[in-house]
file my_file-v4.tsv (TSV, N, CA and C atoms and all ligand atoms)
chain	number	residue	atom	x	y	z
A	1	MET	N	-11.06	-4.27	-5.88
A	1	MET	CA	-10.90	-4.18	-7.34
A	1	MET	C	-11.57	-2.89	-7.86
A	2	ARG	N	-12.78	-2.62	-7.38
A	2	ARG	CA	-13.48	-1.42	-7.81
A	2	ARG	C	-12.68	-0.17	-7.41
A	3	ARG	N	-12.19	-0.19	-6.16
A	3	ARG	CA	-11.41	0.94	-5.67
A	3	ARG	C	-10.11	1.10	-6.48
A	4	ALA	N	-9.49	-0.01	-6.82
A	4	ALA	CA	-8.24	0.04	-7.59
A	4	ALA	C	-8.47	0.73	-8.93
A	5	VAL	N	-9.58	0.42	-9.58
A	5	VAL	CA	-9.87	1.03	-10.88
A	5	VAL	C	-10.13	2.53	-10.70
A	6	GLU	N	-10.87	2.90	-9.62
A	6	GLU	CA	-11.11	4.31	-9.33
A	6	GLU	C	-9.80	5.06	-9.12
A	7	LEU	N	-8.90	4.45	-8.32
A	7	LEU	CA	-7.63	5.11	-8.01
A	7	LEU	C	-6.77	5.24	-9.26
A	8	SER	N	-6.80	4.24	-10.09
A	8	SER	CA	-6.04	4.31	-11.34
A	8	SER	C	-6.56	5.46	-12.20
A	9	ASP	N	-7.89	5.60	-12.27
A	9	ASP	CA	-8.48	6.70	-13.04
A	9	ASP	C	-8.09	8.05	-12.45
A	10	LEU	N	-8.12	8.14	-11.11
A	10	LEU	CA	-7.87	9.42	-10.44
A	10	LEU	C	-6.42	9.85	-10.53
A	11	TYR	N	-5.49	8.91	-10.29
A	11	TYR	CA	-4.10	9.30	-10.08
A	11	TYR	C	-3.12	8.77	-11.11
A	12	LEU	N	-3.51	7.79	-11.87
A	12	LEU	CA	-2.57	7.19	-12.82
A	12	LEU	C	-3.09	7.29	-14.25
A	13	GLY	N	-3.97	8.26	-14.46
A	13	GLY	CA	-4.49	8.48	-15.80
A	13	GLY	C	-5.22	7.28	-16.37
A	14	GLY	N	-5.67	6.37	-15.48
A	14	GLY	CA	-6.37	5.17	-15.94
A	14	GLY	C	-5.46	4.18	-16.66
A	15	LEU	N	-4.14	4.44	-16.63
A	15	LEU	CA	-3.21	3.60	-17.39
A	15	LEU	C	-2.96	2.24	-16.73
A	16	ALA	N	-3.04	2.21	-15.39
A	16	ALA	CA	-2.83	0.94	-14.68
A	16	ALA	C	-4.14	0.17	-14.68
A	17	GLN	N	-4.12	-1.00	-15.27
A	17	GLN	CA	-5.36	-1.78	-15.40
A	17	GLN	C	-5.15	-3.16	-14.79
A	18	PRO	N	-5.44	-3.27	-13.49
A	18	PRO	CA	-5.21	-4.56	-12.83
A	18	PRO	C	-6.21	-5.62	-13.31
A	19	GLU	N	-5.75	-6.85	-13.26
A	19	GLU	CA	-6.61	-7.97	-13.64
A	19	GLU	C	-7.31	-8.53	-12.40
A	20	SER	N	-6.60	-8.50	-11.26
A	20	SER	CA	-7.20	-8.99	-10.03
A	20	SER	C	-6.58	-8.28	-8.83
A	21	VAL	N	-7.40	-8.06	-7.82
A	21	VAL	CA	-6.93	-7.46	-6.56
A	21	VAL	C	-7.54	-8.28	-5.44
A	22	ARG	N	-6.68	-8.80	-4.55
A	22	ARG	CA	-7.24	-9.59	-3.46
A	22	ARG	C	-6.46	-9.42	-2.18
A	23	TRP	N	-7.13	-9.76	-1.08
A	23	TRP	CA	-6.51	-9.71	0.24
A	23	TRP	C	-5.80	-11.02	0.50
A	24	VAL	N	-4.62	-10.93	1.13
A	24	VAL	CA	-3.92	-12.16	1.52
A	24	VAL	C	-3.49	-12.06	2.98
A	25	SER	N	-3.43	-13.20	3.64
A	25	SER	CA	-3.06	-13.22	5.06
A	25	SER	C	-1.62	-13.67	5.26
A	26	ASN	N	-0.96	-14.11	4.20
A	26	ASN	CA	0.39	-14.67	4.36
A	26	ASN	C	1.48	-13.66	4.07
A	27	GLN	N	1.11	-12.37	3.99
A	27	GLN	CA	2.09	-11.35	3.65
A	27	GLN	C	2.55	-10.69	4.94
A	28	ARG	N	3.65	-11.15	5.51
A	28	ARG	CA	4.04	-10.65	6.82
A	28	ARG	C	5.06	-9.51	6.77
A	29	THR	N	5.81	-9.43	5.69
A	29	THR	CA	6.84	-8.41	5.65
A	29	THR	C	6.52	-7.30	4.67
A	30	ARG	N	5.47	-7.47	3.87
A	30	ARG	CA	5.14	-6.42	2.91
A	30	ARG	C	3.68	-6.05	3.03
A	31	TRP	N	3.35	-4.84	2.62
A	31	TRP	CA	1.95	-4.38	2.69
A	31	TRP	C	1.18	-4.83	1.47
A	32	GLY	N	1.90	-4.94	0.38
A	32	GLY	CA	1.22	-5.33	-0.85
A	32	GLY	C	2.25	-5.86	-1.82
A	33	SER	N	1.78	-6.53	-2.84
A	33	SER	CA	2.70	-6.95	-3.88
A	33	SER	C	1.95	-6.99	-5.19
A	34	CYS	N	2.75	-7.00	-6.25
A	34	CYS	CA	2.18	-6.87	-7.57
A	34	CYS	C	2.96	-7.75	-8.51
A	35	THR	N	2.26	-8.50	-9.34
A	35	THR	CA	2.90	-9.29	-10.38
A	35	THR	C	2.53	-8.68	-11.72
A	36	PRO	N	3.44	-7.88	-12.30
A	36	PRO	CA	3.08	-7.21	-13.56
A	36	PRO	C	2.72	-8.20	-14.67
A	37	GLY	N	3.31	-9.39	-14.64
A	37	GLY	CA	3.05	-10.38	-15.69
A	37	GLY	C	1.57	-10.69	-15.88
A	38	ASP	N	0.87	-10.96	-14.78
A	38	ASP	CA	-0.56	-11.23	-14.92
A	38	ASP	C	-1.42	-10.10	-14.33
A	39	ARG	N	-0.77	-8.96	-14.04
A	39	ARG	CA	-1.45	-7.76	-13.52
A	39	ARG	C	-2.31	-8.08	-12.29
A	40	SER	N	-1.74	-8.89	-11.39
A	40	SER	CA	-2.44	-9.19	-10.15
A	40	SER	C	-1.81	-8.42	-9.00
A	41	ILE	N	-2.67	-7.98	-8.09
A	41	ILE	CA	-2.24	-7.22	-6.92
A	41	ILE	C	-2.75	-7.92	-5.67
A	42	ARG	N	-1.88	-8.04	-4.67
A	42	ARG	CA	-2.27	-8.63	-3.40
A	42	ARG	C	-2.00	-7.63	-2.28
A	43	LEU	N	-2.95	-7.53	-1.36
A	43	LEU	CA	-2.82	-6.62	-0.22
A	43	LEU	C	-2.86	-7.41	1.07
A	44	SER	N	-1.97	-7.03	2.00
A	44	SER	CA	-1.95	-7.71	3.29
A	44	SER	C	-3.22	-7.42	4.08
A	45	GLU	N	-3.77	-8.45	4.70
A	45	GLU	CA	-4.98	-8.26	5.51
A	45	GLU	C	-4.73	-7.34	6.70
A	46	ARG	N	-3.46	-7.14	7.08
A	46	ARG	CA	-3.19	-6.20	8.17
A	46	ARG	C	-3.70	-4.80	7.84
A	47	LEU	N	-3.79	-4.49	6.54
A	47	LEU	CA	-4.24	-3.16	6.14
A	47	LEU	C	-5.72	-2.92	6.45
A	48	THR	N	-6.47	-3.98	6.65
A	48	THR	CA	-7.91	-3.80	6.87
A	48	THR	C	-8.18	-3.06	8.18
A	49	ARG	N	-7.18	-3.02	9.08
A	49	ARG	CA	-7.37	-2.28	10.34
A	49	ARG	C	-6.85	-0.85	10.23
A	50	MET	N	-6.44	-0.45	9.06
A	50	MET	CA	-5.87	0.90	8.90
A	50	MET	C	-6.86	1.80	8.15
A	51	PRO	N	-6.64	3.12	8.24
A	51	PRO	CA	-7.56	4.05	7.57
A	51	PRO	C	-7.59	3.82	6.06
A	52	ASP	N	-8.72	4.17	5.46
A	52	ASP	CA	-8.89	3.98	4.01
A	52	ASP	C	-7.79	4.67	3.20
A	53	TRP	N	-7.37	5.87	3.66
A	53	TRP	CA	-6.39	6.61	2.86
A	53	TRP	C	-5.03	5.93	2.87
A	54	VAL	N	-4.77	5.09	3.88
A	54	VAL	CA	-3.52	4.32	3.90
A	54	VAL	C	-3.64	3.14	2.93
A	55	VAL	N	-4.79	2.48	2.96
A	55	VAL	CA	-5.03	1.37	2.03
A	55	VAL	C	-4.96	1.89	0.59
A	56	ASP	N	-5.54	3.08	0.37
A	56	ASP	CA	-5.49	3.67	-0.97
A	56	ASP	C	-4.05	3.89	-1.42
A	57	TYR	N	-3.20	4.34	-0.49
A	57	TYR	CA	-1.79	4.56	-0.84
A	57	TYR	C	-1.14	3.25	-1.30
A	58	VAL	N	-1.36	2.19	-0.55
A	58	VAL	CA	-0.74	0.92	-0.92
A	58	VAL	C	-1.26	0.46	-2.29
A	59	LEU	N	-2.55	0.69	-2.51
A	59	LEU	CA	-3.12	0.32	-3.81
A	59	LEU	C	-2.48	1.15	-4.94
A	60	VAL	N	-2.36	2.46	-4.72
A	60	VAL	CA	-1.75	3.31	-5.75
A	60	VAL	C	-0.31	2.85	-6.00
A	61	HIS	N	0.41	2.52	-4.90
A	61	HIS	CA	1.79	2.04	-5.02
A	61	HIS	C	1.86	0.79	-5.91
A	62	GLU	N	1.00	-0.17	-5.59
A	62	GLU	CA	1.05	-1.43	-6.36
A	62	GLU	C	0.57	-1.21	-7.79
A	63	LEU	N	-0.44	-0.35	-7.96
A	63	LEU	CA	-0.91	-0.05	-9.32
A	63	LEU	C	0.22	0.61	-10.14
A	64	ALA	N	0.99	1.49	-9.48
A	64	ALA	CA	2.07	2.17	-10.19
A	64	ALA	C	3.12	1.16	-10.66
A	65	HIS	N	3.23	0.03	-9.94
A	65	HIS	CA	4.17	-1.01	-10.39
A	65	HIS	C	3.73	-1.66	-11.69
A	66	LEU	N	2.45	-1.53	-12.04
A	66	LEU	CA	2.02	-2.04	-13.34
A	66	LEU	C	2.59	-1.16	-14.46
A	67	LEU	N	2.94	0.08	-14.10
A	67	LEU	CA	3.49	1.01	-15.09
A	67	LEU	C	5.01	1.04	-15.03
A	68	GLU	N	5.55	0.98	-13.80
A	68	GLU	CA	7.01	1.03	-13.59
A	68	GLU	C	7.38	-0.03	-12.57
A	69	PRO	N	8.04	-1.10	-12.99
A	69	PRO	CA	8.34	-2.18	-12.05
A	69	PRO	C	9.33	-1.79	-10.96
A	70	GLN	N	10.26	-0.89	-11.24
A	70	GLN	CA	11.29	-0.52	-10.27
A	70	GLN	C	10.87	0.69	-9.46
A	71	HIS	N	11.49	0.83	-8.26
A	71	HIS	CA	11.28	2.03	-7.45
A	71	HIS	C	12.19	3.14	-7.95
A	72	ASP	N	11.99	3.59	-9.17
A	72	ASP	CA	12.85	4.65	-9.70
A	72	ASP	C	12.06	5.98	-9.73
A	73	ASP	N	12.69	7.01	-10.25
A	73	ASP	CA	12.06	8.34	-10.24
A	73	ASP	C	10.72	8.34	-10.96
A	74	LYS	N	10.65	7.61	-12.06
A	74	LYS	CA	9.39	7.58	-12.81
A	74	LYS	C	8.28	6.94	-11.97
A	75	PHE	N	8.66	5.88	-11.24
A	75	PHE	CA	7.70	5.21	-10.36
A	75	PHE	C	7.17	6.18	-9.31
A	76	TRP	N	8.09	6.85	-8.58
A	76	TRP	CA	7.67	7.74	-7.50
A	76	TRP	C	6.91	8.96	-8.03
A	77	ALA	N	7.20	9.34	-9.27
A	77	ALA	CA	6.43	10.45	-9.86
A	77	ALA	C	4.97	10.05	-9.99
A	78	TRP	N	4.71	8.80	-10.39
A	78	TRP	CA	3.32	8.33	-10.46
A	78	TRP	C	2.70	8.30	-9.07
A	79	VAL	N	3.43	7.71	-8.11
A	79	VAL	CA	2.88	7.57	-6.76
A	79	VAL	C	2.56	8.93	-6.15
A	80	SER	N	3.40	9.94	-6.47
A	80	SER	CA	3.20	11.26	-5.85
A	80	SER	C	1.94	11.95	-6.35
A	81	HIS	N	1.30	11.41	-7.38
A	81	HIS	CA	0.00	11.97	-7.79
A	81	HIS	C	-1.05	11.76	-6.70
A	82	TYR	N	-0.82	10.78	-5.86
A	82	TYR	CA	-1.75	10.55	-4.74
A	82	TYR	C	-1.38	11.54	-3.64
A	83	PRO	N	-2.29	12.46	-3.30
A	83	PRO	CA	-1.90	13.58	-2.43
A	83	PRO	C	-1.44	13.17	-1.03
A	84	LEU	N	-1.90	12.04	-0.53
A	84	LEU	CA	-1.54	11.65	0.83
A	84	LEU	C	-0.41	10.64	0.86
A	85	ALA	N	0.34	10.52	-0.23
A	85	ALA	CA	1.37	9.48	-0.32
A	85	ALA	C	2.41	9.62	0.79
A	86	GLU	N	2.94	10.84	0.99
A	86	GLU	CA	3.99	11.00	2.00
A	86	GLU	C	3.47	10.71	3.40
A	87	LYS	N	2.24	11.18	3.66
A	87	LYS	CA	1.63	10.96	4.97
A	87	LYS	C	1.41	9.45	5.21
A	88	ALA	N	0.95	8.77	4.18
A	88	ALA	CA	0.69	7.33	4.32
A	88	ALA	C	1.99	6.56	4.51
A	89	LYS	N	3.05	6.97	3.83
A	89	LYS	CA	4.35	6.32	4.02
A	89	LYS	C	4.77	6.46	5.48
A	90	GLY	N	4.59	7.66	6.02
A	90	GLY	CA	4.94	7.90	7.43
A	90	GLY	C	4.10	7.06	8.36
A	91	TYR	N	2.82	6.93	8.05
A	91	TYR	CA	1.93	6.11	8.88
A	91	TYR	C	2.43	4.67	8.92
A	92	LEU	N	2.79	4.14	7.77
A	92	LEU	CA	3.20	2.73	7.70
A	92	LEU	C	4.55	2.52	8.39
A	93	ILE	N	5.46	3.49	8.25
A	93	ILE	CA	6.75	3.37	8.95
A	93	ILE	C	6.52	3.40	10.46
A	94	GLY	N	5.65	4.33	10.90
A	94	GLY	CA	5.36	4.42	12.33
A	94	GLY	C	4.71	3.15	12.85
A	95	TRP	N	3.80	2.60	12.07
A	95	TRP	CA	3.11	1.37	12.46
A	95	TRP	C	4.11	0.24	12.61
A	96	SER	N	5.02	0.12	11.66
A	96	SER	CA	6.02	-0.95	11.71
A	96	SER	C	6.92	-0.80	12.92
A	97	ASP	N	7.39	0.43	13.16
A	97	ASP	CA	8.27	0.65	14.29
A	97	ASP	C	7.54	0.35	15.60
A	98	ALA	N	6.32	0.85	15.70
A	98	ALA	CA	5.56	0.67	16.95
A	98	ALA	C	5.31	-0.80	17.22
A	99	SER	N	5.11	-1.58	16.17
A	99	SER	CA	4.78	-2.99	16.38
A	99	SER	C	6.00	-3.79	16.83
A	100	ARG	N	7.19	-3.21	16.69
A	100	ARG	CA	8.39	-3.89	17.17
A	100	ARG	C	8.73	-3.53	18.62
A	101	VAL	N	8.11	-2.47	19.11
A	101	VAL	CA	8.39	-2.03	20.47
A	101	VAL	C	7.51	-2.82	21.43
A	102	PRO	N	8.10	-3.36	22.51
A	102	PRO	CA	7.26	-4.09	23.45
A	102	PRO	C	6.22	-3.17	24.07
A	103	HIS	N	5.04	-3.70	24.32
A	103	HIS	CA	4.00	-2.88	24.93
A	103	HIS	C	4.41	-2.53	26.35
A	104	PRO	N	4.15	-1.29	26.77
A	104	PRO	CA	4.49	-0.93	28.15
A	104	PRO	C	3.64	-1.76	29.11
A	105	PRO	N	4.20	-2.09	30.25
A	105	PRO	CA	3.45	-2.89	31.20
A	105	PRO	C	2.17	-2.16	31.65
A	106	ALA	N	1.12	-2.90	31.84
A	106	ALA	CA	-0.15	-2.28	32.23
A	106	ALA	C	-0.05	-1.74	33.66
A	107	ASP	N	0.77	-2.41	34.45
A	107	ASP	CA	0.85	-2.04	35.87
A	107	ASP	C	2.23	-1.45	36.13
A	108	HIS	N	2.30	-0.18	36.41
A	108	HIS	CA	3.59	0.46	36.63
A	108	HIS	C	4.02	0.45	38.09
A	109	SER	N	3.20	-0.08	38.96
A	109	SER	CA	3.48	0.01	40.40
A	109	SER	C	4.64	-0.88	40.81
A	110	GLY	N	4.87	-1.96	40.06
A	110	GLY	CA	5.89	-2.90	40.46
A	110	GLY	C	7.25	-2.42	40.06
A	201	ZN	ZN	6.95	-1.11	-4.49
call {"tool": "encode", "arguments": {"input": "my_file-v4.tsv", "output": "structure tokens", "more": "lines below"}}
Ligand SMILES: [Zn+2]
result
Amino acid sequence: MRRAVELSDLYLGGLAQPESVRWVSNQRTRWGSCTPGDRSIRLSERLTRMPDWVVDYVLVHELAHLLEPQHDDKFWAWVSHYPLAEKAKGYLIGWSDASRVPHPPADHSG
């Protein structure tokens, strides 16, 4: 929650004002979600194993939904204020792809 307010001040002109931010373990297909109605943000616990700048991106993304509910140009204009947005998007895409690939066998001799 503290970080969300900092990020809103830094990148969203302080306009996004979340009411609650919490970690959830039941989010398997999304990194985060936002309910603009009660200004609540939920982040997947899978993010806790990722670098802070990736978590910050997801937070900025969800905070931007408090300003623009749709993924339209105005929304992405807000998100792009976060300097590592493109890099973080790539990180998350790579993570998702890698997690679908079977792990290589530990023993290659067979
Ligand atoms: Zn979104």
call {"tool": "residues_around", "arguments": {"input": "my_file-v4.tsv", "residues": "Leu59 in chain A", "least_positions_apart": "2", "cutoff": "8 Å", "atoms": "only C-alpha atoms", "output": "PDB file with N, CA and C atoms, in the frame of the given file"}}
result
ATOM      1  N   ALA A   4      -9.490  -0.010  -6.820  1.00  0.00           N
ATOM      2  CA  ALA A   4      -8.240   0.040  -7.590  1.00  0.00           C
ATOM      3  C   ALA A   4      -8.470   0.730  -8.930  1.00  0.00           C
ATOM      4  N   LEU A   7      -8.900   4.450  -8.320  1.00  0.00           N
ATOM      5  CA  LEU A   7      -7.630   5.110  -8.010  1.00  0.00           C
ATOM      6  C   LEU A   7      -6.770   5.240  -9.260  1.00  0.00           C
ATOM      7  N   GLY A  32       1.900  -4.940   0.380  1.00  0.00           N
ATOM      8  CA  GLY A  32       1.220  -5.330  -0.850  1.00  0.00           C
ATOM      9  C   GLY A  32       2.250  -5.860  -1.820  1.00  0.00           C
ATOM     10  N   LEU A  43      -2.950  -7.530  -1.360  1.00  0.00           N
ATOM     11  CA  LEU A  43      -2.820  -6.620  -0.220  1.00  0.00           C
ATOM     12  C   LEU A  43      -2.860  -7.410   1.070  1.00  0.00           C
ATOM     13  N   VAL A  55      -4.790   2.480   2.960  1.00  0.00           N
ATOM     14  CA  VAL A  55      -5.030   1.370   2.030  1.00  0.00           C
ATOM     15  C   VAL A  55      -4.960   1.890   0.590  1.00  0.00           C
ATOM     16  N   ASP A  56      -5.540   3.080   0.370  1.00  0.00           N
ATOM     17  CA  ASP A  56      -5.490   3.670  -0.970  1.00  0.00           C
ATOM     18  C   ASP A  56      -4.050   3.890  -1.420  1.00  0.00           C
ATOM     19  N   TYR A  57      -3.200   4.340  -0.490  1.00  0.00           N
ATOM     20  CA  TYR A  57      -1.790   4.560  -0.840  1.00  0.00           C
ATOM     21  C   TYR A  57      -1.140   3.250  -1.300  1.00  0.00           C
ATOM     22  N   HIS A  61       0.410   2.520  -4.900  1.00  0.00           N
ATOM     23  CA  HIS A  61       1.790   2.040  -5.020  1.00  0.00           C
ATOM     24  C   HIS A  61       1.860   0.790  -5.910  1.00  0.00           C
ATOM     25  N   GLU A  62       1.000  -0.170  -5.590  1.00  0.00           N
ATOM     26  CA  GLU A  62       1.050  -1.430  -6.360  1.00  0.00           C
ATOM     27  C   GLU A  62       0.570  -1.210  -7.790  1.00  0.00           C
ATOM     28  N   LEU A  63      -0.440  -0.350  -7.960  1.00  0.00           N
ATOM     29  CA  LEU A  63      -0.910  -0.050  -9.320  1.00  0.00           C
ATOM     30  C   LEU A  63       0.220   0.610 -10.140  1.00  0.00           C
TER      31      LEU A  63
END
call {"tool": "closest_residue", "arguments": {"input": "my_file-v4.tsv", "among": "A:Arg42, A:Arg3, A:His71, A:Arg49", "to": "ligand ZN 201 (chain A)", "atoms": "all atoms listed in the file"}}
result
A:His71
call {"tool": "atom_distance", "arguments": {"input": "my_file-v4.tsv", "atom1": "CA of Arg22 in chain A", "atom2": "CA of Leu47 in chain A"}}
result
11.9 Å
call {"tool": "atom_distance", "arguments": {"input": "my_file-v4.tsv", "atom1": "atom N of Tyr11 in chain A", "atom2": "atom N of His81 in chain A"}}
result
7.8 Å
call {"tool": "closest_residue", "arguments": {"input": "my_file-v4.tsv", "among": "A:Ala16, A:Val79, A:Val58, A:Ser99", "to": "Ser33 in chain A", "atoms": "only N, CA and C atoms"}}
result
A:Val58
call {"tool": "residues_around", "arguments": {"input": "my_file-v4.tsv", "residues": "Glu45 in chain A", "least_positions_apart": "3", "cutoff": "6.5 Å", "atoms": "all atoms listed in the file", "output": "NGL selection string"}}
result
:A and (23-27 or 48-49)
